[in-house]
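Q: For reference, the file protein37.cif (mmCIF, C-alpha atoms) is included below:
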data_query
loop_
_atom_site.label_atom_id
_atom_site.label_comp_id
_atom_site.auth_asym_id
_atom_site.auth_seq_id
_atom_site.Cartn_x
_atom_site.Cartn_y
_atom_site.Cartn_z
CA MET A 1 -13.73 67.64 -12.06
CA GLY A 2 -10.34 66.96 -13.57
CA LYS A 3 -8.24 63.86 -13.56
CA LYS A 4 -6.79 62.84 -10.16
CA ALA A 5 -3.11 63.58 -9.70
CA PHE A 6 -0.99 60.76 -8.31
CA SER A 7 2.41 60.80 -6.67
CA GLN A 8 5.41 60.54 -8.91
CA LEU A 9 8.96 59.42 -8.14
CA GLU A 10 11.34 62.31 -8.63
CA ARG A 11 14.62 60.94 -7.29
CA ILE A 12 16.20 58.19 -5.21
CA ASP A 13 18.60 59.13 -2.43
CA ASN A 14 20.97 56.70 -0.71
CA ASN A 15 20.18 53.93 -3.19
CA GLN A 16 21.17 50.55 -1.74
CA ASP A 17 20.03 46.95 -1.92
CA MET A 18 17.15 46.09 0.38
CA THR A 19 16.09 42.66 1.54
CA ALA A 20 13.01 41.61 3.50
CA GLU A 21 15.26 40.27 6.25
CA ALA A 22 17.19 43.53 6.62
CA GLU A 23 14.28 45.91 6.15
CA GLY A 24 11.27 43.79 7.09
CA THR A 25 9.01 46.50 8.49
CA PHE A 26 9.81 48.97 5.73
CA SER A 27 9.32 46.29 3.09
CA LEU A 28 5.92 45.34 4.49
CA GLN A 29 4.75 48.97 4.64
CA PHE A 30 6.06 49.66 1.14
CA GLN A 31 4.24 46.66 -0.32
CA HIS A 32 1.05 47.68 1.48
CA SER A 33 1.33 51.23 0.12
CA LEU A 34 1.66 49.82 -3.40
CA LEU A 35 -1.54 47.85 -2.90
CA LEU A 36 -3.32 50.99 -1.70
CA ALA A 37 -2.05 52.96 -4.70
CA LEU A 38 -3.32 50.28 -7.10
CA LYS A 39 -6.70 50.31 -5.36
CA GLU A 40 -6.87 54.12 -5.48
CA GLN A 41 -6.11 54.07 -9.20
CA GLU A 42 -8.89 51.49 -9.57
CA LEU A 43 -6.47 48.86 -10.87
CA LEU A 44 -7.49 46.62 -7.94
CA SER A 45 -11.05 46.05 -6.81
CA GLU A 46 -11.88 46.27 -3.10
CA ALA A 47 -12.08 42.46 -2.95
CA ALA A 48 -8.73 42.01 -4.72
CA TYR A 49 -7.14 44.59 -2.42
CA GLN A 50 -8.49 42.86 0.72
CA TYR A 51 -7.28 39.47 -0.51
CA ALA A 52 -3.80 40.78 -1.36
CA ALA A 53 -3.51 42.69 1.94
CA GLU A 54 -4.47 39.55 3.90
CA LYS A 55 -1.91 37.47 2.00
CA LEU A 56 0.75 40.10 2.63
CA GLN A 57 0.01 40.04 6.39
CA GLU A 58 -0.02 36.23 6.39
CA HIS A 59 3.37 36.14 4.66
CA ALA A 60 4.75 38.67 7.15
CA ARG A 61 3.57 36.54 10.09
CA ILE A 62 5.18 33.41 8.62
CA ARG A 63 8.42 35.29 7.98
CA THR A 64 8.62 36.62 11.54
CA GLN A 65 7.77 33.36 13.32
CA LYS A 66 10.63 31.55 14.98
CA PRO A 67 11.57 28.27 13.27
CA THR A 68 9.92 25.29 14.95
CA SER A 69 12.08 22.65 13.28
CA LYS A 70 15.48 22.25 11.68
CA GLY A 71 14.10 23.27 8.27
CA GLY A 72 12.47 26.51 9.46
CA ASN A 73 9.07 27.84 8.58
CA ILE A 74 8.27 27.21 4.94
CA PRO A 75 4.67 27.73 3.83
CA SER A 76 3.05 24.51 2.61
CA SER A 77 2.11 26.21 -0.67
CA MET A 78 5.77 26.60 -1.65
#
Now that the file is in, can you turn its structure into structure tokens?
A:
Amino acid sequence: MGKKAFSQLERIDNNQDMTAEAEGTFSLQFQHSLLLALKEQELLSEAAYQYAAEKLQEHARIRTQKPTSKGGNIPSSM
């Protein structure tokens, strides 16, 4: 068996700035796909992938929660 072929970026169309606030769902899916690609290339172990995916979901939940106080939702680890 030969070496696995991976996707490769060929071009970027409609290049524009993207923020998590403006493109939250896309940003989350894009980050998750990067984690999967790293796992597939064996640059992340299964455990590291699971940990990172959980942290990504946790961050997404915090970001989408409505503010409960004047200061908003800021994770205690920040």
Q: Quick one: pull the distance between CA of Phe26 in chain A and CA of Arg63 in chain A, Å, one decimal.
A: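 Interatomic distance, CA of Phe26 in chain A to CA of Arg63 in chain A: 13.9 Å.
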Q: For Lys39 in chain A, which residue out of A:Gln57, A:Ser27, A:Tyr51, A:Ile62 is the nearest one, using all atoms listed in the file?
A: A:Tyr51
Q: Could you put an axis-aligned box around every listed atom of range 42-46 of chain A, padded by 8 Å on each side, and send me its centre and edge lengths in Å to one decimal, as JSON?
A:
{"center_x": -9.2, "center_y": 48.8, "center_z": -7.0, "size_x": 21.4, "size_y": 21.4, "size_z": 23.8}
Q: Would you work out the distance separating CA of Ala48 in chain A from CA of Ser7 in chain A, expressed in Å to one decimal?
A: 21.9 Å
Q: State, in Å with one decimal place, the distance from CA of Leu34 in chain A to CA of Ala5 in chain A.
A: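 So the answer is 15.9 Å.
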Q: I'd like to know which of A:Arg11, A:His32, A:Asp17, A:Lys4 is closest to Glu54 in chain A, using only C-alpha atoms.
A: A:His32
Q: Give me the residues near Leu36 in chain A as a list in words, where near means some atom within 10 Å (using all atoms listed in the file) and where sequence neighbours in that chain fewer than 6 positions away do not count.
A: Phe30, Glu42, Leu43, Leu44, Glu46, Tyr49, Gln50 and Ala53 of chain A
